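> Provided herewith: final-v3.pdb, PDB, C-alpha atoms and all ligand atoms.
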```
MODEL        1
ATOM      1  CA  MET V 350      27.681  -3.895   2.823
ATOM      2  CA  LYS V 351      28.787  -1.398   5.491
ATOM      3  CA  LEU V 352      26.436   1.546   6.133
ATOM      4  CA  PRO V 353      27.659   5.129   5.749
ATOM      5  CA  SER V 354      27.972   6.871   9.120
ATOM      6  CA  PHE V 355      24.855   8.560  10.495
ATOM      7  CA  GLU V 356      23.400   9.932  13.711
ATOM      8  CA  PHE V 357      20.613   7.816  15.272
ATOM      9  CA  LEU V 358      17.980   9.563  17.395
ATOM     10  CA  ARG V 359      14.744   8.227  18.864
ATOM     11  CA  ALA V 360      11.690  10.510  19.009
ATOM     12  CA  ARG V 361       9.215   9.920  21.845
ATOM     13  CA  SER V 362       6.520  12.245  20.474
ATOM     14  CA  LEU V 363       5.443  13.699  17.143
ATOM     15  CA  ALA V 364       6.579  17.165  18.243
ATOM     16  CA  GLU V 365      10.032  15.769  19.004
ATOM     17  CA  ALA V 366      10.152  13.985  15.623
ATOM     18  CA  TRP V 367       9.293  17.189  13.738
ATOM     19  CA  ALA V 368      11.870  19.190  15.720
ATOM     20  CA  LEU V 369      14.617  16.620  15.088
ATOM     21  CA  HIS V 370      13.718  16.564  11.390
ATOM     22  CA  SER V 371      13.690  20.342  11.102
ATOM     23  CA  ASP V 372      17.053  20.663  12.943
ATOM     24  CA  ALA V 373      18.696  18.443  10.330
ATOM     25  CA  GLY V 374      17.804  20.920   7.569
ATOM     26  CA  GLY V 375      16.386  18.322   5.179
ATOM     27  CA  ASP V 376      19.128  15.747   5.767
ATOM     28  CA  ALA V 377      17.085  13.423   7.994
ATOM     29  CA  VAL V 378      14.987  10.329   7.350
ATOM     30  CA  TYR V 379      12.340   8.768   9.576
ATOM     31  CA  LEU V 380      12.848   5.120  10.491
ATOM     32  CA  SER V 381       9.909   2.756  11.129
ATOM     33  CA  GLY V 382      10.778  -0.866  10.333
ATOM     34  CA  GLY V 383      13.992   0.062   8.529
ATOM     35  CA  HIS V 384      13.522  -2.683   5.942
ATOM     36  CA  SER V 385      13.680  -0.235   3.049
ATOM     37  CA  VAL V 386      15.775   2.595   4.541
ATOM     38  CA  VAL V 387      18.631   0.424   5.794
ATOM     39  CA  PRO V 388      19.109  -1.654   2.601
ATOM     40  CA  SER V 389      18.983   1.512   0.483
ATOM     41  CA  MET V 390      21.692   3.110   2.690
ATOM     42  CA  ALA V 391      23.790  -0.053   2.449
ATOM     43  CA  LEU V 392      23.482   0.160  -1.333
ATOM     44  CA  ARG V 393      24.473   3.867  -1.179
ATOM     45  CA  LEU V 394      21.167   4.926  -2.763
ATOM     46  CA  GLN V 395      20.791   7.448   0.069
ATOM     47  CA  ALA V 396      23.040   8.701   2.859
ATOM     48  CA  PRO V 397      21.052  10.862   5.311
ATOM     49  CA  SER V 398      23.149  12.227   8.162
ATOM     50  CA  ARG V 399      20.343  11.577  10.682
ATOM     51  CA  LEU V 400      17.938   8.669  11.182
ATOM     52  CA  ILE V 401      14.978   9.472  13.430
ATOM     53  CA  ASP V 402      13.351   6.386  14.942
ATOM     54  CA  ILE V 403       9.603   7.045  15.188
ATOM     55  CA  SER V 404       8.611   3.534  16.269
ATOM     56  CA  GLN V 405       7.910   4.471  19.911
ATOM     57  CA  ILE V 406       5.436   7.282  19.219
ATOM     58  CA  ALA V 407       2.046   6.392  20.739
ATOM     59  CA  GLU V 408      -0.121   7.928  17.971
ATOM     60  CA  LEU V 409       1.350   5.507  15.419
ATOM     61  CA  HIS V 410       0.219   2.372  17.267
ATOM     62  CA  GLY V 411      -3.026   0.422  17.510
ATOM     63  CA  VAL V 412      -5.823  -0.941  15.328
ATOM     64  CA  GLU V 413      -9.301   0.185  16.373
ATOM     65  CA  LEU V 414     -12.801   0.973  15.148
ATOM     66  CA  GLN V 415     -13.403   4.734  15.066
ATOM     67  CA  GLY V 416     -16.911   5.730  13.966
ATOM     68  CA  ASP V 417     -17.509   4.456  10.441
ATOM     69  CA  ALA V 418     -13.843   3.561   9.781
ATOM     70  CA  LEU V 419     -11.115   1.209  10.948
ATOM     71  CA  ARG V 420      -8.034   3.155  12.079
ATOM     72  CA  ILE V 421      -4.804   1.262  11.503
ATOM     73  CA  GLY V 422      -1.764   2.872  13.146
ATOM     74  CA  ALA V 423       1.170   3.453  10.794
ATOM     75  CA  MET V 424       3.495   1.355  13.004
ATOM     76  CA  THR V 425       1.338  -1.759  12.502
ATOM     77  CA  ARG V 426       3.778  -4.356  11.238
ATOM     78  CA  HIS V 427       3.047  -6.481   8.173
ATOM     79  CA  ALA V 428       2.789  -9.628  10.358
ATOM     80  CA  GLU V 429       0.043  -7.975  12.418
ATOM     81  CA  VAL V 430      -1.783  -6.864   9.264
ATOM     82  CA  LEU V 431      -1.819 -10.553   8.348
ATOM     83  CA  ALA V 432      -3.070 -11.729  11.764
ATOM     84  CA  ASN V 433      -5.366  -8.972  13.065
ATOM     85  CA  PRO V 434      -9.068 -10.028  13.142
ATOM     86  CA  LEU V 435     -10.370  -6.432  12.843
ATOM     87  CA  ILE V 436      -8.310  -5.963   9.674
ATOM     88  CA  ALA V 437      -9.488  -9.340   8.328
ATOM     89  CA  ARG V 438     -13.122  -8.309   8.922
ATOM     90  CA  HIS V 439     -13.093  -4.656   7.916
ATOM     91  CA  ALA V 440     -10.064  -4.198   5.636
ATOM     92  CA  PRO V 441      -9.817  -7.654   4.028
ATOM     93  CA  LEU V 442      -7.768  -6.517   1.038
ATOM     94  CA  LEU V 443      -4.881  -5.744   3.412
ATOM     95  CA  SER V 444      -4.946  -9.179   5.030
ATOM     96  CA  ARG V 445      -5.152 -10.769   1.565
ATOM     97  CA  ALA V 446      -2.235  -8.656   0.344
ATOM     98  CA  ALA V 447       0.019  -9.331   3.367
ATOM     99  CA  PRO V 448       1.024 -12.939   2.534
ATOM    100  CA  HIS V 449       2.431 -11.634  -0.767
ATOM    101  CA  VAL V 450       4.703  -9.094   0.955
ATOM    102  CA  ALA V 451       8.195 -10.544   1.143
ATOM    103  CA  HIS V 452       8.887 -13.232   3.782
ATOM    104  CA  PRO V 453       8.195 -13.589   7.546
ATOM    105  CA  ALA V 454      11.484 -11.979   8.641
ATOM    106  CA  ILE V 455      10.615  -8.812   6.720
ATOM    107  CA  ARG V 456       6.942  -8.944   7.711
ATOM    108  CA  ASN V 457       8.010  -9.038  11.394
ATOM    109  CA  ARG V 458       9.776  -5.650  11.102
ATOM    110  CA  GLY V 459       8.259  -3.803   8.130
ATOM    111  CA  THR V 460       5.354  -1.454   8.891
ATOM    112  CA  ILE V 461       2.333  -0.490   6.851
ATOM    113  CA  GLY V 462       3.175   3.214   7.347
ATOM    114  CA  GLY V 463       6.719   2.764   6.078
ATOM    115  CA  ASN V 464       5.457   0.731   3.151
ATOM    116  CA  LEU V 465       2.907   3.373   2.090
ATOM    117  CA  ALA V 466       5.300   6.284   2.694
ATOM    118  CA  LEU V 467       7.906   4.592   0.524
ATOM    119  CA  ALA V 468       5.324   4.164  -2.304
ATOM    120  CA  ASP V 469       7.087   1.435  -4.228
ATOM    121  CA  PRO V 470       4.955   0.897  -7.359
ATOM    122  CA  ALA V 471       5.368  -2.885  -7.030
ATOM    123  CA  SER V 472       4.123  -2.917  -3.406
ATOM    124  CA  GLU V 473       0.907  -4.638  -2.450
ATOM    125  CA  PHE V 474      -0.473  -2.372   0.329
ATOM    126  CA  PRO V 475      -0.668   0.858  -1.722
ATOM    127  CA  ALA V 476      -2.966  -0.854  -4.263
ATOM    128  CA  ALA V 477      -5.059  -2.340  -1.440
ATOM    129  CA  VAL V 478      -5.639   1.017   0.300
ATOM    130  CA  LEU V 479      -6.439   2.606  -3.061
ATOM    131  CA  ALA V 480      -9.006  -0.113  -3.875
ATOM    132  CA  MET V 481     -10.623   0.277  -0.409
ATOM    133  CA  ARG V 482     -10.790   4.077  -0.892
ATOM    134  CA  ALA V 483      -8.943   4.558   2.389
ATOM    135  CA  GLU V 484      -7.837   7.904   3.777
ATOM    136  CA  LEU V 485      -4.327   8.522   5.075
ATOM    137  CA  GLU V 486      -3.957  10.454   8.336
ATOM    138  CA  VAL V 487      -0.889  12.657   8.228
ATOM    139  CA  MET V 488       0.457  14.957  10.964
ATOM    140  CA  GLY V 489       3.002  17.737  10.736
ATOM    141  CA  PRO V 490       3.870  20.921  12.643
ATOM    142  CA  GLU V 491       1.013  22.646  10.784
ATOM    143  CA  GLY V 492      -1.544  20.114  12.057
ATOM    144  CA  GLN V 493      -3.409  17.072  10.812
ATOM    145  CA  ARG V 494      -4.432  16.321   7.227
ATOM    146  CA  MET V 495      -6.581  13.505   5.822
ATOM    147  CA  ILE V 496      -5.500  12.560   2.313
ATOM    148  CA  ALA V 497      -7.591  10.273   0.091
ATOM    149  CA  ALA V 498      -5.506   7.324  -1.134
ATOM    150  CA  ASP V 499      -6.367   8.452  -4.680
ATOM    151  CA  ASP V 500      -4.429  11.692  -4.003
ATOM    152  CA  PHE V 501      -1.535  10.219  -2.006
ATOM    153  CA  PHE V 502       0.615   8.369  -4.561
ATOM    154  CA  LEU V 503       2.001  11.030  -6.888
ATOM    155  CA  ASP V 504       4.931   9.517  -8.783
ATOM    156  CA  LEU V 505       7.712   6.949  -8.479
ATOM    157  CA  TYR V 506       8.490   6.795  -4.711
ATOM    158  CA  GLU V 507       6.761  10.161  -4.365
ATOM    159  CA  THR V 508       3.756  10.837  -2.133
ATOM    160  CA  ALA V 509       1.717  13.838  -1.000
ATOM    161  CA  LEU V 510       3.698  13.885   2.299
ATOM    162  CA  ILE V 511       5.431  17.226   2.873
ATOM    163  CA  PRO V 512       9.032  16.846   4.199
ATOM    164  CA  GLY V 513       8.833  16.437   7.991
ATOM    165  CA  GLU V 514       5.229  15.197   8.005
ATOM    166  CA  VAL V 515       4.546  11.786   9.531
ATOM    167  CA  LEU V 516       1.995   9.324   8.199
ATOM    168  CA  THR V 517       0.198   8.442  11.439
ATOM    169  CA  ALA V 518      -2.601   6.071  10.393
ATOM    170  CA  ILE V 519      -4.753   4.599   7.652
ATOM    171  CA  HIS V 520      -8.540   4.976   7.882
ATOM    172  CA  VAL V 521     -10.479   2.314   5.991
ATOM    173  CA  PRO V 522     -14.230   2.956   5.577
ATOM    174  CA  LEU V 523     -16.221   0.044   7.048
ATOM    175  CA  PRO V 524     -17.520  -2.124   4.188
ATOM    176  CA  PRO V 525     -21.274  -2.710   3.804
ATOM    177  CA  GLU V 526     -22.629  -6.229   4.305
ATOM    178  CA  GLY V 527     -21.971  -8.480   1.330
ATOM    179  CA  ARG V 528     -19.152  -6.456  -0.270
ATOM    180  CA  MET V 529     -16.967  -8.742  -2.369
ATOM    181  CA  PHE V 530     -13.166  -8.627  -2.394
ATOM    182  CA  GLY V 531     -10.382 -10.079  -4.501
ATOM    183  CA  PHE V 532      -6.598  -9.783  -4.506
ATOM    184  CA  ASP V 533      -3.845 -11.595  -6.358
ATOM    185  CA  GLU V 534      -0.514 -11.033  -8.036
ATOM    186  CA  ILE V 535       1.834 -12.730 -10.460
ATOM    187  CA  ALA V 536       5.430 -12.885  -9.218
ATOM    188  CA  ARG V 537       8.457 -14.790 -10.432
ATOM    189  CA  ARG V 538       8.842 -16.445  -7.010
ATOM    190  CA  ARG V 539       6.638 -16.435  -3.910
ATOM    191  CA  GLY V 540       7.535 -13.411  -1.759
ATOM    192  CA  ASP V 541       9.081 -11.478  -4.643
ATOM    193  CA  TYR V 542       7.719  -8.126  -5.715
ATOM    194  CA  ALA V 543       4.854  -8.538  -8.203
ATOM    195  CA  MET V 544       5.241  -8.433 -11.981
ATOM    196  CA  VAL V 545       1.540  -7.459 -12.019
ATOM    197  CA  GLY V 546      -1.028  -7.279  -9.216
ATOM    198  CA  VAL V 547      -4.753  -6.573  -8.799
ATOM    199  CA  ALA V 548      -6.877  -5.478  -5.824
ATOM    200  CA  ALA V 549     -10.635  -5.198  -6.295
ATOM    201  CA  GLN V 550     -13.890  -4.817  -4.417
ATOM    202  CA  ALA V 551     -17.519  -4.748  -5.618
ATOM    203  CA  ASP V 552     -20.984  -4.143  -4.164
ATOM    204  CA  LEU V 553     -24.002  -5.942  -5.585
ATOM    205  CA  SER V 554     -27.578  -4.736  -5.427
ATOM    206  CA  ASP V 555     -30.248  -7.225  -6.595
ATOM    207  CA  GLY V 556     -27.509  -9.224  -8.315
ATOM    208  CA  VAL V 557     -26.183  -6.215 -10.242
ATOM    209  CA  VAL V 558     -22.835  -4.510  -9.552
ATOM    210  CA  SER V 559     -23.743  -1.121  -8.066
ATOM    211  CA  ASP V 560     -20.157  -0.074  -7.296
ATOM    212  CA  ALA V 561     -16.737  -1.404  -8.232
ATOM    213  CA  SER V 562     -13.228  -0.379  -7.274
ATOM    214  CA  VAL V 563     -10.342  -1.901  -9.223
ATOM    215  CA  THR V 564      -6.654  -1.049  -8.807
ATOM    216  CA  LEU V 565      -3.514  -2.504 -10.339
ATOM    217  CA  PHE V 566       0.100  -2.357  -9.245
ATOM    218  CA  SER V 567       3.461  -2.898 -10.873
ATOM    219  CA  VAL V 568       2.013  -1.536 -14.107
ATOM    220  CA  GLY V 569       3.347   2.034 -13.876
ATOM    221  CA  VAL V 570       5.083   4.510 -11.577
ATOM    222  CA  THR V 571       2.290   4.412  -8.981
ATOM    223  CA  PRO V 572      -0.503   2.001  -8.047
ATOM    224  CA  MET V 573      -3.299   2.762 -10.518
ATOM    225  CA  ARG V 574      -7.083   2.943 -10.461
ATOM    226  CA  ALA V 575      -8.637   1.221 -13.496
ATOM    227  CA  THR V 576     -11.620   3.503 -14.054
ATOM    228  CA  ALA V 577     -12.663   2.059 -17.452
ATOM    229  CA  ALA V 578     -12.621  -1.473 -16.007
ATOM    230  CA  GLN V 579     -14.681  -0.279 -13.011
ATOM    231  CA  ASP V 580     -17.253   1.317 -15.346
ATOM    232  CA  ALA V 581     -17.411  -1.859 -17.445
ATOM    233  CA  LEU V 582     -18.454  -3.823 -14.367
ATOM    234  CA  LYS V 583     -21.126  -1.428 -13.109
ATOM    235  CA  GLY V 584     -24.824  -1.917 -13.904
ATOM    236  CA  ALA V 585     -24.556  -5.620 -14.828
ATOM    237  CA  PRO V 586     -24.292  -8.911 -12.953
ATOM    238  CA  LEU V 587     -20.731 -10.075 -12.300
ATOM    239  CA  SER V 588     -20.557 -12.558 -15.179
ATOM    240  CA  THR V 589     -18.206 -13.921 -17.817
ATOM    241  CA  ASP V 590     -19.420 -11.156 -20.163
ATOM    242  CA  SER V 591     -18.937  -8.238 -17.769
ATOM    243  CA  ILE V 592     -15.538  -9.586 -16.679
ATOM    244  CA  ALA V 593     -14.475  -9.835 -20.341
ATOM    245  CA  ARG V 594     -15.575  -6.204 -20.846
ATOM    246  CA  ALA V 595     -13.502  -5.130 -17.817
ATOM    247  CA  GLN V 596     -10.479  -7.048 -19.126
ATOM    248  CA  ALA V 597     -10.783  -5.340 -22.522
ATOM    249  CA  ALA V 598     -11.145  -1.943 -20.828
ATOM    250  CA  LEU V 599      -7.676  -2.303 -19.279
ATOM    251  CA  ALA V 600      -6.225  -1.228 -22.629
ATOM    252  CA  THR V 601      -7.761   2.212 -21.919
ATOM    253  CA  ASP V 602      -6.672   2.284 -18.273
ATOM    254  CA  LEU V 603      -3.071   1.144 -18.569
ATOM    255  CA  ASP V 604      -0.020   2.257 -20.486
ATOM    256  CA  PRO V 605       2.554  -0.060 -18.909
ATOM    257  CA  PRO V 606       6.289   0.563 -19.187
ATOM    258  CA  ASP V 607       8.136  -1.175 -22.007
ATOM    259  CA  ASP V 608      11.447  -2.815 -21.260
ATOM    260  CA  PRO V 609      13.391  -5.452 -23.140
ATOM    261  CA  GLY V 610      12.918  -8.127 -20.455
ATOM    262  CA  PHE V 611       9.221  -7.420 -20.008
ATOM    263  CA  PRO V 612       7.500  -5.804 -23.012
ATOM    264  CA  ALA V 613       4.470  -3.567 -22.345
ATOM    265  CA  GLU V 614       2.124  -5.804 -24.349
ATOM    266  CA  ARG V 615       3.050  -8.844 -22.221
ATOM    267  CA  ARG V 616       2.487  -6.906 -18.989
ATOM    268  CA  LEU V 617      -0.915  -5.758 -20.263
ATOM    269  CA  GLN V 618      -1.822  -9.339 -21.183
ATOM    270  CA  LEU V 619      -0.786 -10.552 -17.705
ATOM    271  CA  ALA V 620      -2.901  -7.774 -16.174
ATOM    272  CA  ARG V 621      -5.929  -8.905 -18.221
ATOM    273  CA  VAL V 622      -5.458 -12.552 -17.203
ATOM    274  CA  LEU V 623      -4.996 -11.632 -13.547
ATOM    275  CA  LEU V 624      -7.993  -9.289 -13.499
ATOM    276  CA  GLY V 625     -10.164 -12.088 -14.912
ATOM    277  CA  ARG V 626      -8.869 -14.467 -12.240
ATOM    278  CA  VAL V 627      -9.447 -11.995  -9.387
ATOM    279  CA  LEU V 628     -12.953 -10.972 -10.488
ATOM    280  CA  THR V 629     -14.009 -14.595 -10.999
ATOM    281  CA  ARG V 630     -12.851 -15.592  -7.507
ATOM    282  CA  MET V 631     -14.114 -12.564  -5.554
ATOM    283  CA  GLU V 632     -15.892 -13.430  -2.320
ATOM    284  CA  ALA V 633     -17.572 -11.643   0.569
ATOM    285  CA  VAL V 634     -16.124 -11.676   4.085
ATOM    286  CA  GLN V 635     -18.308 -13.740   6.480
TER     287      GLN V 635
HETATM  288  C1  LIG T   1      14.285  -8.555   0.859
HETATM  289  C2  LIG T   1      13.083  -7.638   0.906
HETATM  290  C3  LIG T   1      11.957  -7.999   0.184
HETATM  291  C4  LIG T   1      10.827  -7.165   0.196
HETATM  292  N1  LIG T   1       9.714  -7.534  -0.509
HETATM  293  C5  LIG T   1       8.631  -6.742  -0.496
HETATM  294  C6  LIG T   1       7.448  -7.087  -1.206
HETATM  295  O1  LIG T   1       7.351  -8.140  -1.844
HETATM  296  N2  LIG T   1       6.408  -6.212  -1.176
HETATM  297  C7  LIG T   1       6.462  -5.041  -0.477
HETATM  298  O2  LIG T   1       5.491  -4.285  -0.477
HETATM  299  N3  LIG T   1       7.552  -4.695   0.219
HETATM  300  C8  LIG T   1       8.631  -5.508   0.228
HETATM  301  N4  LIG T   1       9.743  -5.141   0.939
HETATM  302  C9  LIG T   1       9.750  -3.843   1.624
HETATM  303  C10 LIG T   1       9.192  -3.970   3.052
HETATM  304  O3  LIG T   1       7.798  -4.207   2.992
HETATM  305  C11 LIG T   1       9.480  -2.656   3.807
HETATM  306  O4  LIG T   1       9.516  -2.968   5.135
HETATM  307  C12 LIG T   1       8.515  -1.533   3.604
HETATM  308  O5  LIG T   1       8.337  -1.167   2.289
HETATM  309  C13 LIG T   1       8.950  -0.277   4.319
HETATM  310  O6  LIG T   1       8.482  -0.346   5.596
HETATM  311  P1  LIG T   1       9.426  -0.043   6.822
HETATM  312  O7  LIG T   1       8.541   0.046   8.012
HETATM  313  O8  LIG T   1      10.530  -1.034   6.841
HETATM  314  O9  LIG T   1       9.918   1.420   6.429
HETATM  315  P2  LIG T   1      11.328   2.111   6.581
HETATM  316  O10 LIG T   1      12.360   1.373   5.817
HETATM  317  O11 LIG T   1      11.620   2.412   8.011
HETATM  318  O12 LIG T   1      10.972   3.498   5.843
HETATM  319  C14 LIG T   1      10.662   3.544   4.458
HETATM  320  C15 LIG T   1      10.488   5.008   4.015
HETATM  321  O13 LIG T   1       9.291   5.544   4.552
HETATM  322  C16 LIG T   1       9.571   6.646   5.433
HETATM  323  N5  LIG T   1       8.664   6.446   6.565
HETATM  324  C17 LIG T   1       8.577   5.335   7.333
HETATM  325  N6  LIG T   1       7.547   5.442   8.180
HETATM  326  C18 LIG T   1       6.996   6.661   7.951
HETATM  327  C19 LIG T   1       5.882   7.349   8.511
HETATM  328  N7  LIG T   1       5.100   6.794   9.451
HETATM  329  N8  LIG T   1       5.610   8.589   8.050
HETATM  330  C20 LIG T   1       6.368   9.162   7.079
HETATM  331  N9  LIG T   1       7.410   8.538   6.493
HETATM  332  C21 LIG T   1       7.717   7.312   6.939
HETATM  333  C22 LIG T   1      11.026   6.525   5.783
HETATM  334  O14 LIG T   1      11.597   7.759   6.104
HETATM  335  C23 LIG T   1      11.586   5.939   4.499
HETATM  336  O15 LIG T   1      11.781   6.956   3.535
HETATM  337  C24 LIG T   1      10.857  -5.956   0.954
HETATM  338  C25 LIG T   1      12.008  -5.610   1.697
HETATM  339  C26 LIG T   1      13.102  -6.441   1.670
HETATM  340  C27 LIG T   1      14.306  -6.049   2.479
ENDMDL
END
```
Rewrite the coordinates I just gave you, this time as structure tokens.

Amino acid sequence: MKLPSFEFLRARSLAEAWALHSDAGGDAVYLSGGHSVVPSMALRLQAPSRLIDISQIAELHGVELQGDALRIGAMTRHAEVLANPLIARHAPLLSRAAPHVAHPAIRNRGTIGGNLALADPASEFPAAVLAMRAELEVMGPEGQRMIAADDFFLDLYETALIPGEVLTAIHVPLPPEGRMFGFDEIARRRGDYAMVGVAAQADLSDGVVSDASVTLFSVGVTPMRATAAQDALKGAPLSTDSIARAQAALATDLDPPDDPGFPAERRLQLARVLLGRVLTRMEAVQ
């Protein structure tokens, strides 16, 4: 479908991006990979008068160790998330999530920053950053803010970003030795958005789970932390019994949407099955 007319401008710095955004009086949209913005304009879901390309801004690029965290620039494309050895070692839930994100053509253009800023509740990366307790680095004319992933996803396609602010990077705390990870989703076809997805990590101390982080996606308007399931895992070995307790606890954590094609009870049952599968297959990164 033909796009509505718009003005295209490329920002070379964050200051320029903010100024171009402010000039447009709220009628501008940042463009990273364009794989969500452009289709939604073609479908007439939005018609901003100005698109501001932020892909050339230096602060948004690069994947590097910074102190006790891995900093992943917002412009890191999905294909690089899949291939980058630092991400595989220190942020393994992202590299496990990436093969489930669409298909290679989209992974070659789509960016992790655009994906998180869009906050689609069926997206894989938001649940992964939530499970890894990442922090999101955000910069606006007022300065820099670090936002915990738990506080970033507010509602359907709504984040803690203030209009004009740019998501510049994701900071993932370096995992301790032996941390276990698991990620999987159920989709109608490979590459489709998930019907239900799970991202989880757990630390063991003397064979007992000392900490667990479990998130689900495509079960509500945002990716969700399953606190009752996490609590059910803590203080016991990771076993058939503790996994069954975590699966049962999902009834407390989730209140999935009900629609005629996909009743809430079926979605909850799929979430229980998937959680059991993910927890049973969790493994540590070598
Ligand atoms: C056919 C198809 C299938 C797909 N399947 C999946 C899938 O299975 N799973 C999945 O997760 N995604 C899927 N996607 C979406 C894809 O991953 C998108 O690329 C991604 O969600 C958005 O990233 P982008 O870089 O393209 O962002 P853009 O489209 O450029 O931007 C998306 C939104 O984020 C804002 N934005 C972008 N970057 C920033 C930033 N740094 N700071 C602040 N705001 C910013 C933009 O203004 C816009 O509102 C699919 C897309 C298509 C076309």
> Give me the residues near Ala585 in chain V as a ChimeraX atom specification, where near means some atom within 9 Å (using all atoms listed in the file) and where sequence neighbours in that chain fewer than 4 positions away do not count.
/V:556-559,581,591
> Please dump the current selection as a PDB file, in the coordinates of the input; keep C-alpha atoms.

```
ATOM      1  CA  GLY V 556     -27.509  -9.224  -8.315  1.00  0.00           C
ATOM      2  CA  VAL V 557     -26.183  -6.215 -10.242  1.00  0.00           C
ATOM      3  CA  VAL V 558     -22.835  -4.510  -9.552  1.00  0.00           C
ATOM      4  CA  SER V 559     -23.743  -1.121  -8.066  1.00  0.00           C
ATOM      5  CA  ALA V 581     -17.411  -1.859 -17.445  1.00  0.00           C
ATOM      6  CA  SER V 591     -18.937  -8.238 -17.769  1.00  0.00           C
TER       7      SER V 591
END
```
> Would you compute the distance between CA of Phe566 in chain V and CA of Gly411 in chain V? Give it in Å to one decimal.
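If I compute the distance from CA of Phe566 in chain V to CA of Gly411 in chain V, I get 27.1 Å.
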> Tell me which of V:Ala440, V:Leu358, V:Ala536, V:Ala578 sits closest to ligand LIG 1 (chain T), counting all atoms listed in the file.
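The answer is V:Ala536, which sits nearest to ligand LIG 1 (chain T).
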> Pick out the residues sitting within 8 Å of Met481 in chain V, and hand them over as an mmCIF file with C-alpha atoms, in the coordinates of the input; count all atoms listed in the file, and ignore anything fewer than 3 positions along from it in its own chain.

```cif
data_model
loop_
_atom_site.group_PDB
_atom_site.id
_atom_site.type_symbol
_atom_site.label_atom_id
_atom_site.label_comp_id
_atom_site.auth_asym_id
_atom_site.auth_seq_id
_atom_site.Cartn_x
_atom_site.Cartn_y
_atom_site.Cartn_z
ATOM 1 C CA ALA V 440 -10.064 -4.198 5.636
ATOM 2 C CA LEU V 442 -7.768 -6.517 1.038
ATOM 3 C CA ALA V 477 -5.059 -2.340 -1.440
ATOM 4 C CA VAL V 478 -5.639 1.017 0.300
ATOM 5 C CA VAL V 521 -10.479 2.314 5.991
ATOM 6 C CA PRO V 522 -14.230 2.956 5.577
ATOM 7 C CA GLN V 550 -13.890 -4.817 -4.417
ATOM 8 C CA SER V 562 -13.228 -0.379 -7.274
#
```
> If you count only C-alpha atoms and all ligand atoms, which residues end up within 8 Å of ligand LIG 1 (chain T), as an NGL selection string?
:V and (378-388 or 403 or 409 or 423-424 or 426-427 or 449-452 or 455-456 or 458-469 or 471-474 or 487 or 510 or 513-518 or 540-543)
> With a distance cut-off of 12 Å and all atoms listed in the file, select the neighbouring residues of Leu619 in chain V, excluding the residue or stretch itself and same-chain residues fewer than 3 positions from it, and output the selection as a JSON list (two decimals) with C-alpha atoms, in the frame of the given file.

```
[["chain", "number", "residue", "atom", "x", "y", "z"],
["V", 533, "ASP", "CA", -3.84, -11.60, -6.36],
["V", 534, "GLU", "CA", -0.51, -11.03, -8.04],
["V", 535, "ILE", "CA", 1.83, -12.73, -10.46],
["V", 536, "ALA", "CA", 5.43, -12.88, -9.22],
["V", 543, "ALA", "CA", 4.85, -8.54, -8.20],
["V", 544, "MET", "CA", 5.24, -8.43, -11.98],
["V", 545, "VAL", "CA", 1.54, -7.46, -12.02],
["V", 546, "GLY", "CA", -1.03, -7.28, -9.22],
["V", 547, "VAL", "CA", -4.75, -6.57, -8.80],
["V", 565, "LEU", "CA", -3.51, -2.50, -10.34],
["V", 566, "PHE", "CA", 0.10, -2.36, -9.24],
["V", 567, "SER", "CA", 3.46, -2.90, -10.87],
["V", 568, "VAL", "CA", 2.01, -1.54, -14.11],
["V", 596, "GLN", "CA", -10.48, -7.05, -19.13],
["V", 599, "LEU", "CA", -7.68, -2.30, -19.28],
["V", 600, "ALA", "CA", -6.22, -1.23, -22.63],
["V", 603, "LEU", "CA", -3.07, 1.14, -18.57],
["V", 605, "PRO", "CA", 2.55, -0.06, -18.91],
["V", 611, "PHE", "CA", 9.22, -7.42, -20.01],
["V", 612, "PRO", "CA", 7.50, -5.80, -23.01],
["V", 613, "ALA", "CA", 4.47, -3.57, -22.34],
["V", 614, "GLU", "CA", 2.12, -5.80, -24.35],
["V", 615, "ARG", "CA", 3.05, -8.84, -22.22],
["V", 616, "ARG", "CA", 2.49, -6.91, -18.99],
["V", 622, "VAL", "CA", -5.46, -12.55, -17.20],
["V", 623, "LEU", "CA", -5.00, -11.63, -13.55],
["V", 624, "LEU", "CA", -7.99, -9.29, -13.50],
["V", 625, "GLY", "CA", -10.16, -12.09, -14.91],
["V", 626, "ARG", "CA", -8.87, -14.47, -12.24]]
```
> Which of these, V:His370, V:Lys583, V:Lys351, V:Arg438, has the shortest distance to Leu414 in chain V once you count only C-alpha atoms?
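For Leu414 in chain V, the nearest of the candidates is V:Arg438.
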> Take CA of Asp555 in chain V and CA of Phe530 in chain V and report the distance between them in Å, one decimal.
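One can read the CA of Asp555 in chain V to CA of Phe530 in chain V distance as 17.6 Å.
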> Give the answer as one residue: which of V:Pro606, V:Pro512, V:Pro353, V:Pro441 has the shortest atom-to-atom distance to Leu394 in chain V, using only C-alpha atoms?
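The shortest atom-to-atom distance to Leu394 in chain V comes from V:Pro353.
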> What's around Ala432 in chain V at 8 Å? Count all atoms listed in the file, leave out sequence neighbours fewer than 4 positions away in its own chain, and write the answer as a list in words.
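Returned residues: Ala428, Ala437 and Ser444 of chain V.
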> Kindly export the residues of the current selection with C-alpha atoms, as a short mmCIF file (atom, residue, chain, number, x, y, z; two decimals), keeping the file's coordinate frame.

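See selection36.cif below for the written result:
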```cif
data_model
loop_
_atom_site.label_atom_id
_atom_site.label_comp_id
_atom_site.auth_asym_id
_atom_site.auth_seq_id
_atom_site.Cartn_x
_atom_site.Cartn_y
_atom_site.Cartn_z
CA ALA V 428 2.79 -9.63 10.36
CA ALA V 437 -9.49 -9.34 8.33
CA SER V 444 -4.95 -9.18 5.03
#
```
